[in-house]
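The structure under discussion appears below in the form of structure tokens.
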Amino acid sequence: MKRTVSLKITVIIADVPKLVKLQDTYSLACNAIVPFAKEHRCWNRVALHNLCYNKIRESSPLGSQMVCNAIHSVCKAYKAKKLKKGEEVPLIQFRQNISIHFDKRTYSLKGEELSLYTLEGRIKVSFKAGDFQKKWLEVGIPKEAELICKKGKWYFQLVLDIPETPKKQEGAYFSVDLGENNIAAMSSGLVISGGKIRHERDIFLARRRKLQSNGSRSAKRLLKKISGREERQMRQINHEVSKTVIREAIGYNAAILVLENLTNIRKRIKARKRERTRLHRWSFAQLQTFIEYKAEAAGINVVYVNPAYSSKLCLECGEIGTRKKHLFKCRCGNKQHCDLYACTKLCEFARSADLAMANVNRPMVAAFVPATSSLL
């Protein structure tokens, strides 16, 4: 299991130009590697290394291992694009303030001191670890890392290899229904409202639109100043929500945590322009990722099910009911809170699937719906 800790490092004034020079040279090397990846449609690390390593070594002052790290950064950037077969390969441009990839050959860690590779030899920098960092540094094995600079401050994002937590073999099913009005509804009955979060995001959007339409120099400066503020706030909220979900799952004695498979949900969204703008900025994938790795650390298994009709299917009679805001109604008289009822159905979908198949799909809706009923 991997965990990343962020170490704020203290760099003396004399060493700052060395890191800046390394950052600029690293970005130039990455930009020189990109044409090879684009021309040969290759982002396999070994294959791309064979294609361009010698030429980059001749043209760049970077050391041999740092060139390998630059190749790794380019491959990682293209893999993140998830290009389909036949899709045109874009020409990626790396900025000067790029993050620098380090491995065990280009850095060393001893106590609260780091030794980092630069073009002018190794430099030593110190850091002060907090309680959170100390906890993971004590049990984890240092692996690769990224050196980044934010507003003149340097951070070393270190990946640690943490011992695996044994998975629970017995326990209850616990499901989470994600949404915008209610950011998370859980099998335990806890519902986390998303109304305040949605309102704050609308304020962020309105402010950006106003500044962008203004177009003045001061407006552009303010846009740059507030850049990323909404993203950071949502990331913090997602961390808090995911911690609450795992805390509830542990209290529920859960062995299996059921999440919705929301792949390609953005393509299926049908709403007005204003609603689409808000929904497309919904960071559901990030929230699910946070829940998944925290569940892994707690020894809880995570499965994904197809959420189709989870808000409308009645488990009492198999009919498709109606949903109005947070109320689910069925002709058989069944009335439930739609999000909490969806959690119950997600657990049922997971139980009916073979958990040995990893990511699971829910069975065909027709199996739950009598032949005489109609889908509304």
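Quick note on naming: the chains in the structure tokens go A, B, ... in the order shown, residues restart at 1 in each chain, and ligands are numbered from 1 in order of appearance.
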Would you list the contacts of A:Asp177 as a PDB file with N, CA and C atoms, in the first residue's frame, taking every protein, DNA or RNA residue within 7 Å and counting only C-alpha atoms, but skipping same-chain residues closer than 4 positions in sequence?
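Saved file out.pdb follows:
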ATOM      1  N   ALA A 184     -23.097  12.788   0.318  1.00  0.00           N
ATOM      2  CA  ALA A 184     -22.930  11.371   0.637  1.00  0.00           C
ATOM      3  C   ALA A 184     -24.049  10.918   1.560  1.00  0.00           C
ATOM      4  N   ALA A 185     -24.717   9.810   1.171  1.00  0.00           N
ATOM      5  CA  ALA A 185     -25.706   9.158   2.037  1.00  0.00           C
ATOM      6  C   ALA A 185     -25.198   7.753   2.308  1.00  0.00           C
ATOM      7  N   MET A 186     -25.272   7.316   3.562  1.00  0.00           N
ATOM      8  CA  MET A 186     -24.653   6.051   3.953  1.00  0.00           C
ATOM      9  C   MET A 186     -25.664   5.078   4.527  1.00  0.00           C
ATOM     10  N   ASP A 339     -32.176   8.681  -1.260  1.00  0.00           N
ATOM     11  CA  ASP A 339     -30.737   8.447  -1.168  1.00  0.00           C
ATOM     12  C   ASP A 339     -30.419   7.305  -0.202  1.00  0.00           C
ATOM     13  N   ALA A 342     -31.466   4.139  -1.792  1.00  0.00           N
ATOM     14  CA  ALA A 342     -30.497   3.751  -2.819  1.00  0.00           C
ATOM     15  C   ALA A 342     -29.324   2.996  -2.204  1.00  0.00           C
ATOM     16  N   CYS A 343     -28.922   3.386  -1.003  1.00  0.00           N
ATOM     17  CA  CYS A 343     -27.841   2.675  -0.302  1.00  0.00           C
ATOM     18  C   CYS A 343     -28.224   1.223  -0.058  1.00  0.00           C
TER      19      CYS A 343
END
- Item | Residue list (strand (DSSP E or B), DSSP) for stretch 140-282 of chain A, as a ChimeraX atom specification | /A:141-150,153-161,172-178,182-186,191-193,254-260
- For A:Phe36, which of A:Leu91, A:Leu222, A:Cys330, A:Ile250 is the closest residue, counting only C-alpha atoms? A:Leu91
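Straight-line separation from atom CA of A:Glu230 to atom CA of A:Lys82: 25.3 Å.
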- Task: Please identify all polymer residues within 12 Å of stretch 129-135 of chain A, counting only C-alpha atoms, omitting same-chain residues fewer than 6 positions from it, and present them as JSON, numbers by chain.
- Result: {"A": [3, 4, 5, 6, 7, 8, 9, 10, 111, 112, 113, 155, 156, 157, 158, 159, 160, 162]}
- A straight line from atom CA of A:Arg235 to atom CA of A:Pro307 spans 24.3 Å
- Residues within 12 Å of stretch 191-196 of chain A, only C-alpha atoms, excluding chain neighbours under 4 positions, as number ranges by chain: A: 176-187, 200-203, 234, 237-238, 240-242, 244-245, 248, 282, 326, 337-341, 343
Saved selection, atoms kept: C-alpha atoms, as a PDB file, in the first residue's frame:
ATOM      1  CA  VAL A 176     -22.355   5.105  -0.011  1.00  0.00           C
ATOM      2  CA  ASP A 177     -24.610   6.965  -2.427  1.00  0.00           C
ATOM      3  CA  LEU A 178     -22.896  10.071  -3.812  1.00  0.00           C
ATOM      4  CA  GLY A 179     -24.722  13.094  -5.123  1.00  0.00           C
ATOM      5  CA  GLU A 180     -24.755  16.866  -5.365  1.00  0.00           C
ATOM      6  CA  ASN A 181     -27.692  17.808  -3.125  1.00  0.00           C
ATOM      7  CA  ASN A 182     -26.535  15.249  -0.564  1.00  0.00           C
ATOM      8  CA  ILE A 183     -22.820  14.780  -1.086  1.00  0.00           C
ATOM      9  CA  ALA A 184     -22.930  11.371   0.637  1.00  0.00           C
ATOM     10  CA  ALA A 185     -25.706   9.158   2.037  1.00  0.00           C
ATOM     11  CA  MET A 186     -24.653   6.051   3.953  1.00  0.00           C
ATOM     12  CA  SER A 187     -26.171   2.734   4.972  1.00  0.00           C
ATOM     13  CA  GLU A 200     -19.987  28.202  -2.285  1.00  0.00           C
ATOM     14  CA  ARG A 201     -18.989  26.688  -5.635  1.00  0.00           C
ATOM     15  CA  ASP A 202     -21.591  28.821  -7.391  1.00  0.00           C
ATOM     16  CA  ILE A 203     -20.021  31.887  -5.738  1.00  0.00           C
ATOM     17  CA  MET A 234     -13.069  20.804  -2.575  1.00  0.00           C
ATOM     18  CA  ILE A 237     -13.983  18.758   1.835  1.00  0.00           C
ATOM     19  CA  ASN A 238     -13.505  15.423   0.052  1.00  0.00           C
ATOM     20  CA  GLU A 240     -13.239  15.295   5.469  1.00  0.00           C
ATOM     21  CA  VAL A 241     -16.182  13.435   3.872  1.00  0.00           C
ATOM     22  CA  SER A 242     -14.084  10.345   3.116  1.00  0.00           C
ATOM     23  CA  THR A 244     -16.450  10.429   7.933  1.00  0.00           C
ATOM     24  CA  VAL A 245     -17.454   7.594   5.586  1.00  0.00           C
ATOM     25  CA  GLU A 248     -19.054   5.234   9.909  1.00  0.00           C
ATOM     26  CA  TRP A 282     -18.248  17.800  -9.329  1.00  0.00           C
ATOM     27  CA  HIS A 326     -35.571  13.280  -1.716  1.00  0.00           C
ATOM     28  CA  HIS A 337     -35.800   8.691   1.545  1.00  0.00           C
ATOM     29  CA  CYS A 338     -34.461   8.117  -1.981  1.00  0.00           C
ATOM     30  CA  ASP A 339     -30.737   8.447  -1.168  1.00  0.00           C
ATOM     31  CA  LEU A 340     -30.866   6.186   1.898  1.00  0.00           C
ATOM     32  CA  TYR A 341     -33.027   3.682   0.017  1.00  0.00           C
ATOM     33  CA  CYS A 343     -27.841   2.675  -0.302  1.00  0.00           C
TER      34      CYS A 343
END
Give me the stretch 76-113 of chain A side of the contact with stretch 14-25 of chain A, cut-off 7 Å, one line per residue showing its nearest atom pair and distance in Å at one decimal, counting only C-alpha atoms, sorted by chain and residue number, as a tab-separated table.
residue	atom	partner	partner_atom	distance
A:Gln96	CA	A:Asp24	CA	5.2
A:Asn97	CA	A:Gln23	CA	6.5
A:Ile98	CA	A:Gln23	CA	6.5
A:Ile100	CA	A:Gln23	CA	6.5
Keeping N, CA and C atoms for every residue in the selection just given, could you write it to a file as a PDB file, in the first residue's frame?
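Output below, filename part.pdb:
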ATOM      1  N   GLN A  96       7.941  25.605 -17.041  1.00  0.00           N
ATOM      2  CA  GLN A  96       9.227  25.734 -16.350  1.00  0.00           C
ATOM      3  C   GLN A  96       9.141  25.359 -14.878  1.00  0.00           C
ATOM      4  N   ASN A  97       7.976  25.589 -14.268  1.00  0.00           N
ATOM      5  CA  ASN A  97       7.839  25.242 -12.847  1.00  0.00           C
ATOM      6  C   ASN A  97       7.322  23.816 -12.666  1.00  0.00           C
ATOM      7  N   ILE A  98       7.817  22.924 -13.512  1.00  0.00           N
ATOM      8  CA  ILE A  98       7.420  21.525 -13.503  1.00  0.00           C
ATOM      9  C   ILE A  98       7.873  20.862 -12.202  1.00  0.00           C
ATOM     10  N   ILE A 100       9.746  17.910 -10.320  1.00  0.00           N
ATOM     11  CA  ILE A 100      10.903  17.096 -10.689  1.00  0.00           C
ATOM     12  C   ILE A 100      10.775  15.731 -10.026  1.00  0.00           C
TER      13      ILE A 100
END
- Near A:Asn54, counting only C-alpha atoms, which residues have an atom at most 10 Å away, once you skip same-chain residues fewer than 5 positions from it, shown as JSON, numbers by chain? {"A": [49, 59, 64, 67]}
- Message: So the first atom is atom CA of A:Glu138 and the second is atom CA of A:Phe102; what is the distance between them in Å, to one decimal place?
- Response: 20.6 Å
